[in-house]
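K.L.:
Below is the file input-v5.txt, with compact mmCIF, C-alpha atoms and all ligand atoms.
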# COMPACT_ATOMS: atom_id res chain seq x y z
CA MET K 1 37.38 41.33 180.37
CA LYS K 2 40.45 43.09 179.04
CA ALA K 3 40.27 45.15 175.86
CA VAL K 4 42.36 43.61 173.07
CA TYR K 5 41.25 46.04 170.36
CA GLU K 6 39.25 49.18 171.01
CA ARG K 7 38.18 52.08 168.82
CA ASN K 8 40.87 54.75 168.78
CA PRO K 9 39.46 57.89 170.46
CA LEU K 10 41.17 59.98 167.73
CA LEU K 11 38.46 58.68 165.36
CA MET K 12 34.92 60.05 165.48
CA GLY K 13 31.93 57.69 165.26
CA SER K 14 31.07 57.18 161.63
CA ASN K 15 32.53 58.49 158.37
CA LYS K 16 31.36 59.14 154.83
CA PHE K 17 33.83 56.96 152.92
CA CYS K 18 32.38 54.12 150.81
CA PRO K 19 32.21 50.56 152.23
CA GLY K 20 35.63 48.88 152.07
CA CYS K 21 37.47 52.12 151.27
CA GLY K 22 41.17 52.26 152.10
CA HIS K 23 41.02 55.82 153.45
CA PRO K 24 39.32 55.18 156.82
CA LEU K 25 41.48 52.08 157.29
CA LEU K 26 44.60 54.19 156.81
CA ASN K 27 43.13 56.93 159.05
CA LYS K 28 42.88 54.27 161.76
CA ILE K 29 46.45 53.05 161.23
CA ILE K 30 47.76 56.64 161.47
CA ALA K 31 45.59 57.30 164.56
CA ASP K 32 47.08 54.20 166.21
CA VAL K 33 50.65 55.33 165.42
CA LEU K 34 49.91 58.81 166.79
CA ALA K 35 48.26 57.48 169.96
CA GLU K 36 50.91 54.84 170.71
CA ASN K 37 53.75 57.35 170.38
CA ASN K 38 51.96 60.19 172.12
CA TRP K 39 52.26 62.29 168.94
CA ALA K 40 48.60 63.29 168.45
CA GLY K 41 49.00 66.67 170.16
CA ASP K 42 51.94 67.53 167.91
CA ALA K 43 50.51 66.24 164.63
CA ILE K 44 49.62 68.62 161.80
CA THR K 45 48.31 67.12 158.56
CA ALA K 46 48.48 68.98 155.26
CA LEU K 47 45.40 67.45 153.67
CA CYS K 48 44.83 67.09 149.94
CA ILE K 49 41.81 67.55 147.74
CA GLY K 50 40.19 64.20 147.02
CA CYS K 51 38.13 61.63 148.89
CA ALA K 52 40.44 62.25 151.87
CA LEU K 53 38.42 65.43 152.45
CA ASN K 54 36.08 63.13 154.36
CA MET K 55 38.77 63.05 157.07
CA THR K 56 37.98 66.58 158.21
CA PRO K 57 35.04 65.57 160.40
CA TYR K 58 36.43 62.09 161.17
CA VAL K 59 39.90 62.43 162.74
CA ASP K 60 40.66 64.42 165.86
CA TRP K 61 44.02 66.02 165.19
CA ASP K 62 44.99 69.21 163.39
CA LEU K 63 44.43 69.34 159.63
CA VAL K 64 45.06 72.09 157.11
CA GLN K 65 43.10 71.87 153.88
CA CYS K 66 45.45 72.56 150.96
CA PRO K 67 44.72 73.42 147.32
CA HIS K 68 44.80 70.38 145.02
CA GLY K 69 48.36 69.04 144.72
CA ARG K 70 49.97 71.65 146.94
CA ALA K 71 50.13 69.82 150.26
CA ALA K 72 53.93 69.46 150.12
CA ALA K 73 54.29 73.22 149.64
CA VAL K 74 51.93 73.91 152.56
CA ALA K 75 53.73 71.32 154.73
CA THR K 76 57.05 73.01 153.90
CA GLY K 77 55.72 76.28 155.31
CA ILE K 78 54.20 74.66 158.39
CA LYS K 79 57.37 72.77 159.26
CA HIS K 80 59.58 75.85 158.80
CA VAL K 81 57.64 77.74 161.48
CA GLN K 82 56.66 74.77 163.69
CA LYS K 83 59.90 72.80 163.78
CA SER K 84 58.98 70.62 166.76
CA LYS K 85 55.67 69.42 165.27
CA LEU K 86 55.00 66.15 163.48
CA VAL K 87 54.06 67.43 160.03
CA PHE K 88 52.78 65.07 157.37
CA THR K 89 50.83 65.37 154.15
CA TYR K 90 47.96 63.02 153.38
CA GLN K 91 47.37 62.94 149.63
CA GLY K 92 45.83 60.86 146.91
CA ASP K 93 47.76 59.59 143.89
CA GLY K 94 46.10 62.21 141.68
CA ASP K 95 47.12 64.85 144.18
CA ALA K 96 50.70 63.84 145.08
CA ALA K 97 51.83 62.17 141.83
CA GLY K 98 49.59 63.92 139.29
CA ILE K 99 48.81 67.59 139.73
CA GLY K 100 51.23 67.93 142.68
CA LEU K 101 54.29 66.16 141.31
CA THR K 102 56.35 69.36 141.22
CA GLU K 103 55.66 70.15 144.88
CA THR K 104 56.29 66.54 145.92
CA PHE K 105 59.51 66.18 143.97
CA HIS K 106 61.07 69.45 145.06
CA ALA K 107 60.12 68.98 148.74
CA ALA K 108 62.00 65.66 148.54
CA SER K 109 64.89 67.28 146.66
CA ARG K 110 65.24 69.95 149.33
CA GLY K 111 65.04 67.30 152.04
CA GLU K 112 62.23 69.11 153.84
CA PRO K 113 61.91 67.42 157.23
CA PHE K 114 58.29 66.26 156.97
CA THR K 115 56.54 63.09 155.85
CA GLN K 116 54.51 62.62 152.70
CA ILE K 117 51.83 59.95 152.69
CA MET K 118 50.45 59.15 149.26
CA VAL K 119 47.33 57.02 149.11
CA ASN K 120 47.58 55.24 145.78
CA ASN K 121 44.21 53.83 144.72
CA GLN K 122 45.07 54.10 140.99
CA ILE K 123 42.16 56.45 140.31
CA TYR K 124 40.69 59.91 140.78
CA GLY K 125 38.20 58.66 143.36
CA MET K 126 36.47 61.82 144.42
CA THR K 127 35.59 63.13 140.99
CA GLY K 128 34.00 59.87 139.88
CA GLY K 129 36.71 57.50 138.68
CA GLN K 130 38.77 59.21 135.98
CA SER K 131 42.19 57.80 135.05
CA SER K 132 45.12 58.82 137.20
CA CYS K 133 48.78 58.61 136.20
CA THR K 134 48.86 55.48 138.40
CA THR K 135 45.95 53.69 136.68
CA LEU K 136 46.84 50.11 135.72
CA ILE K 137 47.29 49.03 132.10
CA GLY K 138 43.92 47.72 130.93
CA GLN K 139 42.05 49.21 133.90
CA LYS K 140 38.69 50.63 132.84
CA THR K 141 37.94 54.14 134.08
CA THR K 142 35.47 56.81 132.99
CA THR K 143 38.18 58.38 130.79
CA SER K 144 40.14 55.32 129.60
CA GLY K 145 37.81 54.23 126.81
CA PRO K 146 36.07 50.84 126.84
CA SER K 147 39.22 48.73 126.62
CA GLY K 148 40.96 50.36 129.56
CA ARG K 149 44.27 52.20 129.84
CA ASP K 150 46.31 51.75 126.70
CA PRO K 151 50.04 52.47 127.05
CA ALA K 152 50.25 53.50 123.39
CA HIS K 153 47.90 56.34 124.25
CA THR K 154 48.58 57.30 127.91
CA GLY K 155 51.82 55.52 128.83
CA TYR K 156 52.47 53.46 131.95
CA PRO K 157 51.58 53.73 135.67
CA THR K 158 53.72 56.24 137.58
CA LYS K 159 55.80 54.53 140.28
CA LEU K 160 56.44 57.47 142.53
CA ALA K 161 58.11 55.67 145.45
CA GLU K 162 60.84 54.39 143.14
CA VAL K 163 61.36 57.90 141.74
CA ILE K 164 61.52 59.61 145.15
CA ALA K 165 63.98 56.93 146.34
CA MET K 166 66.44 58.25 143.72
CA VAL K 167 66.39 61.73 145.22
CA ASP K 168 69.57 62.36 147.27
CA ALA K 169 67.90 64.22 150.12
CA ALA K 170 65.09 61.71 150.69
CA GLY K 171 65.70 59.93 154.01
CA TYR K 172 63.19 57.10 153.94
CA VAL K 173 60.97 55.84 151.11
CA ALA K 174 58.60 52.88 151.27
CA ARG K 175 55.57 51.41 149.54
CA VAL K 176 53.12 49.44 151.65
CA SER K 177 49.63 47.99 151.25
CA ILE K 178 46.69 47.59 153.63
CA HIS K 179 44.60 44.82 152.06
CA THR K 180 45.27 42.12 154.71
CA PRO K 181 46.00 42.21 158.47
CA LYS K 182 49.64 41.26 157.75
CA HIS K 183 50.03 44.15 155.31
CA ILE K 184 48.33 46.49 157.79
CA ARG K 185 50.97 45.60 160.39
CA GLN K 186 53.77 46.31 157.91
CA ALA K 187 52.16 49.59 156.85
CA LYS K 188 51.90 50.70 160.45
CA LYS K 189 55.59 49.96 161.01
CA ALA K 190 56.61 51.93 157.92
CA ILE K 191 54.53 54.98 158.90
CA GLU K 192 55.89 54.89 162.44
CA LYS K 193 59.45 54.68 161.07
CA ALA K 194 58.83 57.58 158.69
CA PHE K 195 57.42 59.74 161.49
CA ARG K 196 60.26 58.81 163.86
CA LEU K 197 62.95 59.66 161.29
CA GLN K 198 61.27 63.02 160.77
CA MET K 199 61.00 63.77 164.49
CA GLU K 200 64.36 62.43 165.65
CA GLU K 201 66.62 62.94 162.62
CA ASN K 202 64.94 65.69 160.58
CA LYS K 203 64.57 63.49 157.52
CA TYR K 204 62.24 63.91 154.56
CA THR K 205 60.26 60.66 154.49
CA PHE K 206 57.75 59.27 151.97
CA VAL K 207 55.30 56.41 152.32
CA GLU K 208 53.12 55.31 149.41
CA VAL K 209 50.12 53.29 150.58
CA LEU K 210 48.25 51.07 148.11
CA ALA K 211 44.61 51.49 149.02
CA MET K 212 41.37 49.89 147.96
CA CYS K 213 38.69 51.86 146.12
CA PRO K 214 36.06 49.17 145.51
CA THR K 215 33.68 51.75 144.03
CA ASN K 216 36.03 52.58 141.17
CA PHE K 217 37.71 49.17 140.90
CA HIS K 218 34.14 48.04 140.10
CA VAL K 219 34.41 45.09 142.49
CA GLU K 220 32.50 44.18 145.65
CA PRO K 221 34.31 45.51 148.73
CA TRP K 222 35.03 41.96 149.94
CA ASP K 223 36.72 41.18 146.62
CA ALA K 224 38.98 44.25 146.70
CA PRO K 225 41.80 42.53 148.69
CA ALA K 226 42.05 39.79 146.03
CA TYR K 227 42.00 42.46 143.29
CA THR K 228 44.88 44.22 145.08
CA GLU K 229 46.87 41.00 145.39
CA GLU K 230 46.32 39.88 141.78
CA LYS K 231 46.31 43.13 139.83
CA VAL K 232 47.94 45.90 141.85
CA LEU K 233 50.91 44.28 143.63
CA PRO K 234 52.53 42.97 140.41
CA VAL K 235 52.66 46.57 139.12
CA PHE K 236 53.47 48.30 142.41
CA PRO K 237 55.97 46.16 144.37
CA LEU K 238 56.08 46.65 148.13
CA GLY K 239 59.14 47.41 150.22
CA GLU K 240 61.52 49.97 151.62
CA PHE K 241 63.22 51.63 148.65
CA LYS K 242 65.46 53.88 150.70
CA THR K 243 66.45 53.72 154.36
CA PRO K 244 69.09 55.58 156.36
CA GLU K 245 72.39 53.63 156.44
CA GLY K 246 71.89 50.19 157.93
CA ARG K 247 68.30 50.69 159.16
CA MET G 1 37.21 33.34 176.62
CA ALA G 2 36.94 36.20 174.15
CA LYS G 3 34.18 38.47 173.01
CA ILE G 4 33.71 40.89 170.12
CA LEU G 5 31.30 43.81 169.95
CA ILE G 6 30.13 44.95 166.52
CA ASP G 7 28.67 48.42 166.19
CA THR G 8 25.98 47.55 163.67
CA GLU G 9 25.18 51.21 162.95
CA ILE G 10 28.80 52.06 162.06
CA CYS G 11 29.25 48.83 160.07
CA LYS G 12 29.02 49.36 156.28
CA SER G 13 28.64 45.68 155.29
CA CYS G 14 31.95 45.66 153.41
CA GLY G 15 32.61 42.02 154.38
CA LEU G 16 36.34 42.53 154.93
CA CYS G 17 36.08 41.11 158.48
CA VAL G 18 34.24 38.07 157.10
CA ASN G 19 37.20 37.40 154.79
CA VAL G 20 39.85 37.42 157.51
CA CYS G 21 38.36 35.51 160.48
CA PRO G 22 40.51 32.36 160.60
CA LEU G 23 37.60 30.40 162.13
CA LYS G 24 34.97 31.76 159.70
CA LEU G 25 32.82 33.00 162.58
CA LEU G 26 31.60 36.15 160.82
CA ARG G 27 28.95 36.76 158.18
CA LEU G 28 26.71 39.55 156.94
CA SER G 29 23.39 39.46 158.75
CA GLU G 30 20.00 38.87 157.10
CA THR G 31 18.53 41.70 159.15
CA ARG G 32 19.09 45.33 158.24
CA ASN G 33 20.46 48.21 160.28
CA SER G 34 18.81 51.64 160.20
CA LYS G 35 20.66 52.53 156.98
CA GLY G 36 19.41 49.37 155.30
CA GLY G 37 22.79 47.61 155.51
CA ARG G 38 23.37 43.96 156.38
CA SER G 39 25.84 44.51 159.16
CA ALA G 40 28.38 41.92 160.26
CA GLU G 41 27.40 39.35 162.87
CA GLN G 42 29.20 36.60 164.71
CA THR G 43 28.11 32.97 164.80
CA ASP G 44 29.43 30.44 167.34
CA ALA G 45 30.63 33.20 169.67
CA GLY G 46 32.11 30.62 172.08
CA LYS G 47 34.76 29.67 169.52
CA CYS G 48 36.16 33.21 169.17
CA THR G 49 39.83 33.34 170.19
CA GLY G 50 40.04 37.13 170.42
CA CYS G 51 42.73 37.20 167.72
CA ALA G 52 41.38 40.64 166.66
CA LEU G 53 42.17 40.13 162.95
CA CYS G 54 38.58 41.15 162.16
CA ALA G 55 38.96 44.38 164.13
CA ALA G 56 42.34 45.18 162.56
CA MET G 57 40.84 44.73 159.09
CA CYS G 58 37.64 46.73 159.69
CA PRO G 59 38.10 50.07 157.85
CA ASP G 60 35.47 51.75 159.99
CA SER G 61 36.53 50.59 163.45
CA ALA G 62 33.15 48.93 163.99
CA ILE G 63 34.62 45.95 165.89
CA GLN G 64 36.05 45.94 169.40
CA VAL G 65 37.61 42.83 170.96
CA TYR G 66 37.80 41.77 174.61
CA LYS G 67 39.49 38.82 176.25
CA GLU G 68 39.50 37.22 179.70
CA ALA G 69 42.74 38.44 181.28
C1 LIG Z 1 42.99 72.69 140.80
C2 LIG Z 1 41.98 71.61 140.80
N1 LIG Z 1 41.90 70.78 139.72
C3 LIG Z 1 41.01 69.75 139.73
C4 LIG Z 1 40.18 69.55 140.78
C5 LIG Z 1 39.18 68.40 140.75
N2 LIG Z 1 39.58 67.27 141.57
C6 LIG Z 1 39.11 67.12 142.83
S1 LIG Z 1 39.67 65.70 143.55
C7 LIG Z 1 40.55 65.29 142.15
C8 LIG Z 1 41.33 64.02 142.04
C9 LIG Z 1 41.46 63.26 143.29
O1 LIG Z 1 42.16 62.07 143.06
P1 LIG Z 1 43.22 61.53 144.08
O2 LIG Z 1 44.18 62.58 144.45
O3 LIG Z 1 43.80 60.28 143.53
O4 LIG Z 1 42.34 61.24 145.40
P2 LIG Z 1 41.25 60.11 145.69
O5 LIG Z 1 39.93 60.83 145.64
O6 LIG Z 1 41.38 59.06 144.66
O7 LIG Z 1 41.57 59.60 147.06
C10 LIG Z 1 40.40 66.23 141.15
C11 LIG Z 1 41.01 66.14 139.81
C12 LIG Z 1 40.28 70.43 141.89
N3 LIG Z 1 39.51 70.27 142.98
N4 LIG Z 1 41.18 71.43 141.87
S1 LIG Z 2 35.32 56.65 145.74
FE1 LIG Z 2 36.94 55.20 146.33
S2 LIG Z 2 38.47 56.41 147.49
FE2 LIG Z 2 36.54 57.61 147.38
S3 LIG Z 2 35.44 57.10 149.28
FE3 LIG Z 2 34.68 55.72 147.69
S4 LIG Z 2 35.98 53.87 147.85
FE4 LIG Z 2 37.00 55.55 148.99
S1 LIG Z 3 38.51 37.96 167.09
FE1 LIG Z 3 39.44 36.49 165.65
S2 LIG Z 3 38.30 34.58 166.00
FE2 LIG Z 3 37.08 36.22 166.93
S3 LIG Z 3 35.63 36.82 165.30
FE3 LIG Z 3 37.42 38.19 165.13
S4 LIG Z 3 38.76 37.20 163.61
FE4 LIG Z 3 37.26 35.65 164.30
S1 LIG Z 4 34.81 45.00 158.29
FE1 LIG Z 4 33.72 46.42 159.64
S2 LIG Z 4 32.40 47.62 158.28
FE2 LIG Z 4 33.07 45.82 157.13
S3 LIG Z 4 31.45 44.27 157.43
FE3 LIG Z 4 33.00 43.92 159.03
S4 LIG Z 4 32.31 45.11 160.78
FE4 LIG Z 4 31.18 45.87 159.01
MG MG Z 5 43.28 58.35 143.98
Transcribe the structure of this file into structure tokens.
Ligand SMILES: Cc1ncc(C[n+]2csc(CCOP(=O)(O)OP(=O)(O)O)c2C)c(N)n1
Ligand code: SF4
Ligand code: SF4
Ligand code: SF4
Ligand SMILES: [Mg+2]
P.N.:
Amino acid sequence: MKAVYERNPLLMGSNKFCPGCGHPLLNKIIADVLAENNWAGDAITALCIGCALNMTPYVDWDLVQCPHGRAAAVATGIKHVQKSKLVFTYQGDGDAAGIGLTETFHAASRGEPFTQIMVNNQIYGMTGGQSSCTTLIGQKTTTSGPSGRDPAHTGYPTKLAEVIAMVDAAGYVARVSIHTPKHIRQAKKAIEKAFRLQMEENKYTFVEVLAMCPTNFHVEPWDAPAYTEEKVLPVFPLGEFKTPEGR
Amino acid sequence: MAKILIDTEICKSCGLCVNVCPLKLLRLSETRNSKGGRSAEQTDAGKCTGCALCAAMCPDSAIQVYKEA
């Protein structure tokens, strides 16, 4: 029998993420892009602080652990001295859009030729489910109060992809989701495009990935795709917000 | 003819594969793996088309899919 779908050898056996978590699913998508394009040997990930820390024993390519929010600054340094490498950050929403907004925004503004991947699960997952700047209106978190995020008190969800798309030097900006096989295919295409534009055209590229965190959405893992469809997509529309001329 | 292999020790019982099988061939088992989880299992294996949607959806790469060439 011929293999139609096999475990990517860039992924170790098991991982410590919760059941139904978006992180290992995205790790797999990235591993597939790296393997299919023969990029794994050239990949260097500037890794955030957050649940993504669980990647360190799970994926088999080079990772650098960065201080919280500073992955774009670390990636800037790496890319300046390793110009031929595929450099990308892997950050949560709290990391890339919250504490690290300055680093993210100015890396984009300078047009640094690396890729930023922001995993937007609308929560501070690792620290136990506190509100993030991306938390949905009405979403209950450990810091939102019992009636959920109230815009009169903490404003509205940060839509970082739309903001980065307004930056002149940004080459490619997209928001994708990974809650169904169809969305997974689209996400894979966007990540591959972002990496290719970095490697072949020295562009700064940014991909925001909407990811499931069933633990802090307070839903069963099997209900998290429907939660994403009904609650998250209306707030965070998917698409390519900026592409190089005609592509 | 197609066949799937589920690594029941890696499986975390998230049920995402159960959601996406177009033929509803997957369910969470009544028996427990060594971590106490009800891992995914396939019913009616002969009907599997090898579409691999279950494997694409599995966050933990617990499913591998094979097909007669
Ligand atoms: C300077 C600093 N401030 C705060 C923390 C605590 N902290 C660890 S992870 C985290 C938030 C993570 O949220 P996010 O980036 O969205 O990642 P997720 O876990 O949701 O994937 C915070 C505030 C820290 N480690 N360092
Ligand atoms: S808390 Fe959320 S983001 Fe963190 S591992 Fe669990 S499901 Fe994943
Ligand atoms: S390969 Fe397709 S038909 Fe077979 S179990 Fe998986 S989703 Fe169902
Ligand atoms: S998607 Fe994977 S981890 Fe989840 S129940 Fe199915 S086989 Fe198990
Ligand atoms: Mg988060």
K.L.:
Using all atoms listed in the file, find the residues of chain G whose closest atom to chain K is at most 9 Å away, then write them as an MDAnalysis selection string.
P.N.:
chainID G and resid 1:3 9:20 50:69
K.L.:
Write out, as a CSV table (one decimal), in the coordinates of the input, the residues just selected, with C-alpha atoms.
P.N.:
chain,number,residue,atom,x,y,z
G,1,MET,CA,37.2,33.3,176.6
G,2,ALA,CA,36.9,36.2,174.2
G,3,LYS,CA,34.2,38.5,173.0
G,9,GLU,CA,25.2,51.2,163.0
G,10,ILE,CA,28.8,52.1,162.1
G,11,CYS,CA,29.2,48.8,160.1
G,12,LYS,CA,29.0,49.4,156.3
G,13,SER,CA,28.6,45.7,155.3
G,14,CYS,CA,32.0,45.7,153.4
G,15,GLY,CA,32.6,42.0,154.4
G,16,LEU,CA,36.3,42.5,154.9
G,17,CYS,CA,36.1,41.1,158.5
G,18,VAL,CA,34.2,38.1,157.1
G,19,ASN,CA,37.2,37.4,154.8
G,20,VAL,CA,39.8,37.4,157.5
G,50,GLY,CA,40.0,37.1,170.4
G,51,CYS,CA,42.7,37.2,167.7
G,52,ALA,CA,41.4,40.6,166.7
G,53,LEU,CA,42.2,40.1,163.0
G,54,CYS,CA,38.6,41.2,162.2
G,55,ALA,CA,39.0,44.4,164.1
G,56,ALA,CA,42.3,45.2,162.6
G,57,MET,CA,40.8,44.7,159.1
G,58,CYS,CA,37.6,46.7,159.7
G,59,PRO,CA,38.1,50.1,157.8
G,60,ASP,CA,35.5,51.8,160.0
G,61,SER,CA,36.5,50.6,163.4
G,62,ALA,CA,33.2,48.9,164.0
G,63,ILE,CA,34.6,46.0,165.9
G,64,GLN,CA,36.0,45.9,169.4
G,65,VAL,CA,37.6,42.8,171.0
G,66,TYR,CA,37.8,41.8,174.6
G,67,LYS,CA,39.5,38.8,176.2
G,68,GLU,CA,39.5,37.2,179.7
G,69,ALA,CA,42.7,38.4,181.3
K.L.:
Of the candidates K:Phe206, K:Tyr90, K:Phe114, K:Phe105, which one gets nearest to ligand MG 5 (chain Z) if we count only C-alpha atoms and all ligand atoms?
P.N.:
K:Tyr90
K.L.:
Could you tell me how far CA of Tyr227 (chain K) lies from CA of Ile117 (chain K), in Å and to one decimal?
P.N.:
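Computed distance, CA of Tyr227 (chain K) to CA of Ile117 (chain K), equals 22.2 Å.
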K.L.:
Can I get the residues close to ligand LIG 1 (chain Z) as a ChimeraX atom specification, where close means within 6 Å and we count only C-alpha atoms and all ligand atoms?
P.N.:
/K:49-52,68,92-95,121,123-127
K.L.:
Once you count all atoms listed in the file, which residues end up no further than 9 Å from (58.4, 66.1, 155.4) in the file's frame, shown as JSON, numbers by chain?
P.N.:
{"K": [72, 75, 76, 79, 86, 87, 88, 89, 107, 108, 111, 112, 113, 114, 115, 116, 195, 198, 202, 203, 204, 205, 206]}
K.L.:
Might you pull out every residue within 10 Å of Tyr156 (chain K), with all atoms listed in the file counted and same-chain residues fewer than 3 positions away left off, and present them as an mmCIF file with C-alpha atoms, in the frame of the given file?
P.N.:
data_model
loop_
_atom_site.group_PDB
_atom_site.id
_atom_site.type_symbol
_atom_site.label_atom_id
_atom_site.label_comp_id
_atom_site.auth_asym_id
_atom_site.auth_seq_id
_atom_site.Cartn_x
_atom_site.Cartn_y
_atom_site.Cartn_z
ATOM 1 C CA CYS K 133 48.780 58.610 136.200
ATOM 2 C CA THR K 134 48.860 55.480 138.400
ATOM 3 C CA THR K 135 45.950 53.690 136.680
ATOM 4 C CA LEU K 136 46.840 50.110 135.720
ATOM 5 C CA ILE K 137 47.290 49.030 132.100
ATOM 6 C CA ARG K 149 44.270 52.200 129.840
ATOM 7 C CA ASP K 150 46.310 51.750 126.700
ATOM 8 C CA PRO K 151 50.040 52.470 127.050
ATOM 9 C CA ALA K 152 50.250 53.500 123.390
ATOM 10 C CA HIS K 153 47.900 56.340 124.250
ATOM 11 C CA LYS K 159 55.800 54.530 140.280
ATOM 12 C CA VAL K 235 52.660 46.570 139.120
#
K.L.:
Neighbours of Glu162 (chain K) within 9 Å (only C-alpha atoms; same-chain residues fewer than 5 positions away dropped), as an NGL selection string?
P.N.:
:K and (173-175 or 241-242)
K.L.:
What is the CA of Val209 (chain K)-CA of Leu10 (chain K) distance in Å, reported with one decimal?
P.N.:
20.5 Å
K.L.:
Which residues are near Thr43 (chain G)? Cut-off 9 Å, all atoms listed in the file, ignore same chain within fewer than 2 positions. Put them as a ChimeraX atom specification.
P.N.:
/G:24-27,41,45-47
K.L.:
Can you work out which one of K:Glu229, K:Glu200, K:Glu208, K:Glu245 has the shortest atom-to-atom distance to ligand MG 5 (chain Z), counting all atoms listed in the file?
P.N.:
K:Glu208
K.L.:
Expressed in Å to a single decimal, how great is the separation between atom S1 of ligand LIG 3 (chain Z) and CA of Thr8 (chain G)?
P.N.:
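CA of Thr8 (chain G) lies at a distance of 16.1 Å from atom S1 of ligand LIG 3 (chain Z).
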K.L.:
Could you check which of K:Gly129, K:Pro157, K:Pro146, K:Gly246 is closest to ligand MG 5 (chain Z), using all atoms listed in the file?
P.N.:
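Result for the nearest residue to ligand MG 5 (chain Z): K:Gly129.
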K.L.:
Can you tell me, as an MDAnalysis selection string, which residues sit within 7 Å of (68.8, 66.3, 148.0) in the file's frame, using all atoms listed in the file?
P.N.:
chainID K and resid 108:111 167:170
K.L.:
Restricting the calculation to all atoms listed in the file: of K:Ile191, K:Ile164, K:Leu210, K:Ala226, which residue gets closest to ligand MG 5 (chain Z)?
P.N.:
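The answer is K:Leu210, which sits nearest to ligand MG 5 (chain Z).
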K.L.:
Given 8 Å of margin on each side, can you work out the centre and size in Å (one decimal) of an axis-aligned box holding every listed atom of region 92-105 of chain K, as lines of an AutoDock Vina configuration file?
P.N.:
center_x = 52.7
center_y = 64.9
center_z = 143.1
size_x = 29.7
size_y = 26.6
size_z = 23.6
